[in-house]
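A.B. asks: My questions all concern the structure below.
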Amino acid sequence: MSYFILGAVTALALLFFFGRINIKSRNNDDKRLSRGPYVLAIGGGTGLSTLLRGLKAYTRNITAVVAVTDEGGSSGRIRNEWGMLPPGDVRHCMAALAENDNELKRILEFRFDRGELAGHSLGNLLLLAATEMCGDFSKAVKQMNHLLNIRGRVLPVTTEGITLMGKTSQGLEVKGELAISEHGRDLIEIWLEPADAKPLKEVLDAVDDADVIILGPGSLFTSVIPNILMPDFADKIKRSDAPKIYVCNLLSQHDETQNMNIIQHLDWISAALGCTPDFIITNSQVIPDDIIAAYKREGASPLYLDDEQRSMIKSMGCECIEADITGVSETKAEGRVLRHDPAKLANVIFKLIRRLNDED
């Protein structure tokens, strides 16, 4: 990639953002949001950013901890060509926590379609430029948190180069996020290399500050679990008195979790964490037939609880919260897609927080 082209594009973009941010006034809700609970949200990809869009309406005391094992697309190219941690999931989460997330998302996710920059998003290049300027990915992320004036902060779980590894029931060892995703339904073991990778100090400190800890939603093996494969982080969460909530996906995923039910999702989370979450939030809303049919053609299926699973989850010491948390949107590329609805999901979570506070 040409230094000249990259420098010109990122410099213009940075100047554009700096100018906008410096004149932006603070929201009138700042005082109310500043008094909100401290939320630690752990995950990656579309799932975590969707959750954050809902949470920011209730509090600005949010720490989003993001996986850094992404290998695909623009993030993968930057990782391979520049030796930088993948910026894509961090970018998604920053946009989600911004005051005007729709406008910022549109700009940060602008994707070049020709030349040496083809396939790269503007937000990824901004983070790359900031990392080159700061000399450190975590410092660059902190700087962008500040400059974008987001409600909360986004942290990479670690700044060490880590690789996701797994072993299948057939004895095959698989390496990397893409291979893990393709073999997820056959996995019997998953780990990180190097095994002694350490989370950021700020990530561990966020556990101490948390009033509630949320895992998911997001791809089970490639977004949520990679964060808690670091023993120091998992142990800190396990020992925390803060209630731990697992937000289950709406659907299984082709290959990664194909044919897995909710109990199996929860079992994997519990094994990685070293304890069972206190609560699990699952969808109770019937998904439209046309959407189910489209996803089934891709090897995905809806995740619902039945009486047997409810009984098993209760025996694990975990409380089921079943609610309508679905949303349907339409995109040019994908047509009608099913996602967690940010407002519905956040409402369920904060009703639970209020209930727990009343019980105290």
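Simple scheme: letters A, B, ... for chains in structure tokens order, numbers from 1 for residues in each chain, numbers from 1 for ligands in the order shown.
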Excluding Leu178 of chain A and any residue of its chain fewer than 2 positions from it, enumerate the residues within 8 Å of it, using only C-alpha atoms, and give them as a ChimeraX atom specification.
C.D. replies: /A:71-72,176,180-182
A.B. asks: May I have the selected residues written with C-alpha atoms, as an mmCIF file, in the first residue's frame?
C.D. replies:
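File produced: part-v5.cif:
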data_model
loop_
_atom_site.group_PDB
_atom_site.id
_atom_site.type_symbol
_atom_site.label_atom_id
_atom_site.label_comp_id
_atom_site.auth_asym_id
_atom_site.auth_seq_id
_atom_site.Cartn_x
_atom_site.Cartn_y
_atom_site.Cartn_z
ATOM 1 C CA GLU A 71 -8.296 -12.260 10.066
ATOM 2 C CA GLY A 72 -10.693 -11.375 7.293
ATOM 3 C CA GLY A 176 -6.912 -18.954 12.957
ATOM 4 C CA ILE A 180 -12.219 -21.985 13.717
ATOM 5 C CA SER A 181 -15.402 -20.565 12.191
ATOM 6 C CA GLU A 182 -15.462 -23.272 9.523
#
A.B. asks: Skip Cys318 of chain A itself and residues of its chain fewer than 5 positions away, then list as a PDB file with C-alpha atoms, in the first residue's frame all residues within 8 Å of it, counting only C-alpha atoms.
C.D. replies:
ATOM      1  CA  THR A 276     -21.823 -20.290  34.772  1.00  0.00           C
ATOM      2  CA  PRO A 277     -23.209 -16.806  34.110  1.00  0.00           C
ATOM      3  CA  ASP A 278     -25.884 -15.672  36.559  1.00  0.00           C
ATOM      4  CA  PHE A 279     -28.349 -14.853  33.784  1.00  0.00           C
ATOM      5  CA  ILE A 280     -28.952 -15.778  30.165  1.00  0.00           C
ATOM      6  CA  ILE A 313     -30.206 -24.027  32.822  1.00  0.00           C
TER       7      ILE A 313
END
A.B. asks: For atom CA of Leu33 of chain A and atom CA of Leu155 of chain A, determine how far apart the two atoms are, in Å to one decimal place.
C.D. replies: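 Interatomic distance here is 20.0 Å.
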A.B. asks: Determine, counting only C-alpha atoms, which protein, DNA and RNA residues have an atom within 8 Å of an atom of segment 254-268 of chain A; residues of the same chain fewer than 5 positions away are not included. Present the result as a list in words.
C.D. replies: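 Non-adjacent residues within range: Ile180, Ser181, Glu182, His183, Gly184, Arg185, Ser219, Leu220, Phe221, Tyr246, Cys248, Thr276, Glu298, Gly299, Ala300, Ser301, Leu303, Tyr304, Leu305, Gln309, Met312 and Ile313 of chain A.
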A.B. asks: Please save C-alpha atoms of the selected residues as a PDB file, in the first residue's frame.
C.D. replies:
ATOM      1  CA  ILE A 180     -12.219 -21.985  13.717  1.00  0.00           C
ATOM      2  CA  SER A 181     -15.402 -20.565  12.191  1.00  0.00           C
ATOM      3  CA  GLU A 182     -15.462 -23.272   9.523  1.00  0.00           C
ATOM      4  CA  HIS A 183     -14.992 -26.108  12.060  1.00  0.00           C
ATOM      5  CA  GLY A 184     -16.805 -24.664  15.055  1.00  0.00           C
ATOM      6  CA  ARG A 185     -19.548 -27.282  15.279  1.00  0.00           C
ATOM      7  CA  SER A 219     -20.223 -15.271  17.154  1.00  0.00           C
ATOM      8  CA  LEU A 220     -19.574 -17.803  19.911  1.00  0.00           C
ATOM      9  CA  PHE A 221     -16.080 -19.024  19.002  1.00  0.00           C
ATOM     10  CA  TYR A 246     -24.816 -13.964  28.678  1.00  0.00           C
ATOM     11  CA  CYS A 248     -27.464 -15.583  23.439  1.00  0.00           C
ATOM     12  CA  THR A 276     -21.823 -20.290  34.772  1.00  0.00           C
ATOM     13  CA  GLU A 298     -27.405 -20.897   4.719  1.00  0.00           C
ATOM     14  CA  GLY A 299     -27.283 -23.577   7.421  1.00  0.00           C
ATOM     15  CA  ALA A 300     -28.539 -21.395  10.283  1.00  0.00           C
ATOM     16  CA  SER A 301     -31.584 -22.001  12.482  1.00  0.00           C
ATOM     17  CA  LEU A 303     -32.348 -20.543  18.863  1.00  0.00           C
ATOM     18  CA  TYR A 304     -35.290 -21.049  21.212  1.00  0.00           C
ATOM     19  CA  LEU A 305     -35.557 -22.526  24.679  1.00  0.00           C
ATOM     20  CA  GLN A 309     -33.297 -26.617  28.316  1.00  0.00           C
ATOM     21  CA  MET A 312     -31.116 -27.718  32.706  1.00  0.00           C
ATOM     22  CA  ILE A 313     -30.206 -24.027  32.822  1.00  0.00           C
TER      23      ILE A 313
END
A.B. asks: Write out as number ranges by chain each polymer residue whose atoms come within 8 Å of Gly73 of chain A, counting only C-alpha atoms; drop sequence neighbours fewer than 2 positions from it.
C.D. replies: A: 71, 75-77, 119-120
A.B. asks: For Met230 of chain A, work out the shell of residues within 12 Å, counting only C-alpha atoms and skipping chain neighbours fewer than 6 positions away, then give it as number ranges by chain.
C.D. replies: A: 67, 157-158, 160, 162-164, 190-200, 203-204, 236-237, 272-274
A.B. asks: According to DSSP computed on the backbone, where in segment 261-296 of chain A is there helix (DSSP H, G or I)? Give the residues as a PDB file with N, CA and C atoms, in the first residue's frame.
C.D. replies:
ATOM      1  N   ILE A 262     -29.128 -23.791  22.646  1.00  0.00           N
ATOM      2  CA  ILE A 262     -28.753 -22.758  23.605  1.00  0.00           C
ATOM      3  C   ILE A 262     -27.905 -23.330  24.732  1.00  0.00           C
ATOM      4  N   ILE A 263     -28.259 -24.525  25.208  1.00  0.00           N
ATOM      5  CA  ILE A 263     -27.472 -25.161  26.265  1.00  0.00           C
ATOM      6  C   ILE A 263     -26.017 -25.337  25.841  1.00  0.00           C
ATOM      7  N   GLN A 264     -25.802 -25.745  24.611  1.00  0.00           N
ATOM      8  CA  GLN A 264     -24.429 -25.939  24.137  1.00  0.00           C
ATOM      9  C   GLN A 264     -23.667 -24.611  24.074  1.00  0.00           C
ATOM     10  N   HIS A 265     -24.357 -23.541  23.663  1.00  0.00           N
ATOM     11  CA  HIS A 265     -23.733 -22.218  23.695  1.00  0.00           C
ATOM     12  C   HIS A 265     -23.322 -21.872  25.125  1.00  0.00           C
ATOM     13  N   LEU A 266     -24.236 -22.057  26.069  1.00  0.00           N
ATOM     14  CA  LEU A 266     -23.979 -21.708  27.461  1.00  0.00           C
ATOM     15  C   LEU A 266     -22.864 -22.574  28.054  1.00  0.00           C
ATOM     16  N   ASP A 267     -22.827 -23.839  27.679  1.00  0.00           N
ATOM     17  CA  ASP A 267     -21.774 -24.736  28.168  1.00  0.00           C
ATOM     18  C   ASP A 267     -20.385 -24.247  27.760  1.00  0.00           C
ATOM     19  N   TRP A 268     -20.247 -23.820  26.510  1.00  0.00           N
ATOM     20  CA  TRP A 268     -18.947 -23.334  26.023  1.00  0.00           C
ATOM     21  C   TRP A 268     -18.542 -22.052  26.755  1.00  0.00           C
ATOM     22  N   ILE A 269     -19.498 -21.144  26.957  1.00  0.00           N
ATOM     23  CA  ILE A 269     -19.211 -19.906  27.687  1.00  0.00           C
ATOM     24  C   ILE A 269     -18.779 -20.228  29.111  1.00  0.00           C
ATOM     25  N   SER A 270     -19.509 -21.119  29.760  1.00  0.00           N
ATOM     26  CA  SER A 270     -19.207 -21.479  31.148  1.00  0.00           C
ATOM     27  C   SER A 270     -17.842 -22.141  31.268  1.00  0.00           C
ATOM     28  N   ALA A 271     -17.500 -22.994  30.309  1.00  0.00           N
ATOM     29  CA  ALA A 271     -16.204 -23.681  30.343  1.00  0.00           C
ATOM     30  C   ALA A 271     -15.056 -22.687  30.195  1.00  0.00           C
ATOM     31  N   ALA A 272     -15.206 -21.724  29.282  1.00  0.00           N
ATOM     32  CA  ALA A 272     -14.152 -20.730  29.069  1.00  0.00           C
ATOM     33  C   ALA A 272     -14.020 -19.792  30.264  1.00  0.00           C
ATOM     34  N   LEU A 273     -15.154 -19.464  30.863  1.00  0.00           N
ATOM     35  CA  LEU A 273     -15.174 -18.502  31.959  1.00  0.00           C
ATOM     36  C   LEU A 273     -14.785 -19.131  33.287  1.00  0.00           C
ATOM     37  N   ASP A 289     -41.458 -16.513   9.030  1.00  0.00           N
ATOM     38  CA  ASP A 289     -41.122 -17.715   8.255  1.00  0.00           C
ATOM     39  C   ASP A 289     -40.175 -17.433   7.100  1.00  0.00           C
ATOM     40  N   ASP A 290     -40.365 -16.278   6.426  1.00  0.00           N
ATOM     41  CA  ASP A 290     -39.521 -16.003   5.270  1.00  0.00           C
ATOM     42  C   ASP A 290     -38.065 -15.795   5.673  1.00  0.00           C
ATOM     43  N   ILE A 291     -37.864 -15.208   6.850  1.00  0.00           N
ATOM     44  CA  ILE A 291     -36.498 -15.001   7.333  1.00  0.00           C
ATOM     45  C   ILE A 291     -35.879 -16.329   7.763  1.00  0.00           C
ATOM     46  N   ILE A 292     -36.666 -17.157   8.452  1.00  0.00           N
ATOM     47  CA  ILE A 292     -36.173 -18.476   8.848  1.00  0.00           C
ATOM     48  C   ILE A 292     -35.757 -19.279   7.619  1.00  0.00           C
ATOM     49  N   ALA A 293     -36.599 -19.250   6.584  1.00  0.00           N
ATOM     50  CA  ALA A 293     -36.311 -20.017   5.365  1.00  0.00           C
ATOM     51  C   ALA A 293     -35.003 -19.554   4.728  1.00  0.00           C
ATOM     52  N   ALA A 294     -34.792 -18.236   4.687  1.00  0.00           N
ATOM     53  CA  ALA A 294     -33.570 -17.701   4.082  1.00  0.00           C
ATOM     54  C   ALA A 294     -32.334 -18.125   4.868  1.00  0.00           C
ATOM     55  N   TYR A 295     -32.401 -18.070   6.173  1.00  0.00           N
ATOM     56  CA  TYR A 295     -31.260 -18.461   6.992  1.00  0.00           C
ATOM     57  C   TYR A 295     -31.017 -19.967   6.958  1.00  0.00           C
ATOM     58  N   LYS A 296     -32.095 -20.734   6.893  1.00  0.00           N
ATOM     59  CA  LYS A 296     -31.926 -22.191   6.849  1.00  0.00           C
ATOM     60  C   LYS A 296     -31.195 -22.624   5.586  1.00  0.00           C
TER      61      LYS A 296
END
A.B. asks: Tell me, counting only C-alpha atoms, for each residue of segment 243-313 of chain A within 9 Å of segment 347-357 of chain A, which pair of atoms is nearest and how far apart they are in Å to one decimal, in rows ordered by chain and increasing number, as a Markdown table.
C.D. replies:
| residue | atom | partner | partner_atom | distance |
| --- | --- | --- | --- | --- |
| A:Pro243 | CA | A:Ile353 | CA | 8.9 |
| A:Ile245 | CA | A:Ile349 | CA | 8.6 |
| A:Ile281 | CA | A:Val348 | CA | 8.4 |
A.B. asks: Take the selection from the previous step and output its residues with C-alpha atoms, as a short mmCIF file (atom, residue, chain, number, x, y, z; two decimals), in the first residue's frame.
C.D. replies:
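Result file is result.cif:
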data_model
loop_
_atom_site.label_atom_id
_atom_site.label_comp_id
_atom_site.auth_asym_id
_atom_site.auth_seq_id
_atom_site.Cartn_x
_atom_site.Cartn_y
_atom_site.Cartn_z
CA PRO A 243 -23.86 -10.11 37.96
CA ILE A 245 -25.17 -11.92 31.84
CA ILE A 281 -31.08 -13.62 27.87
#
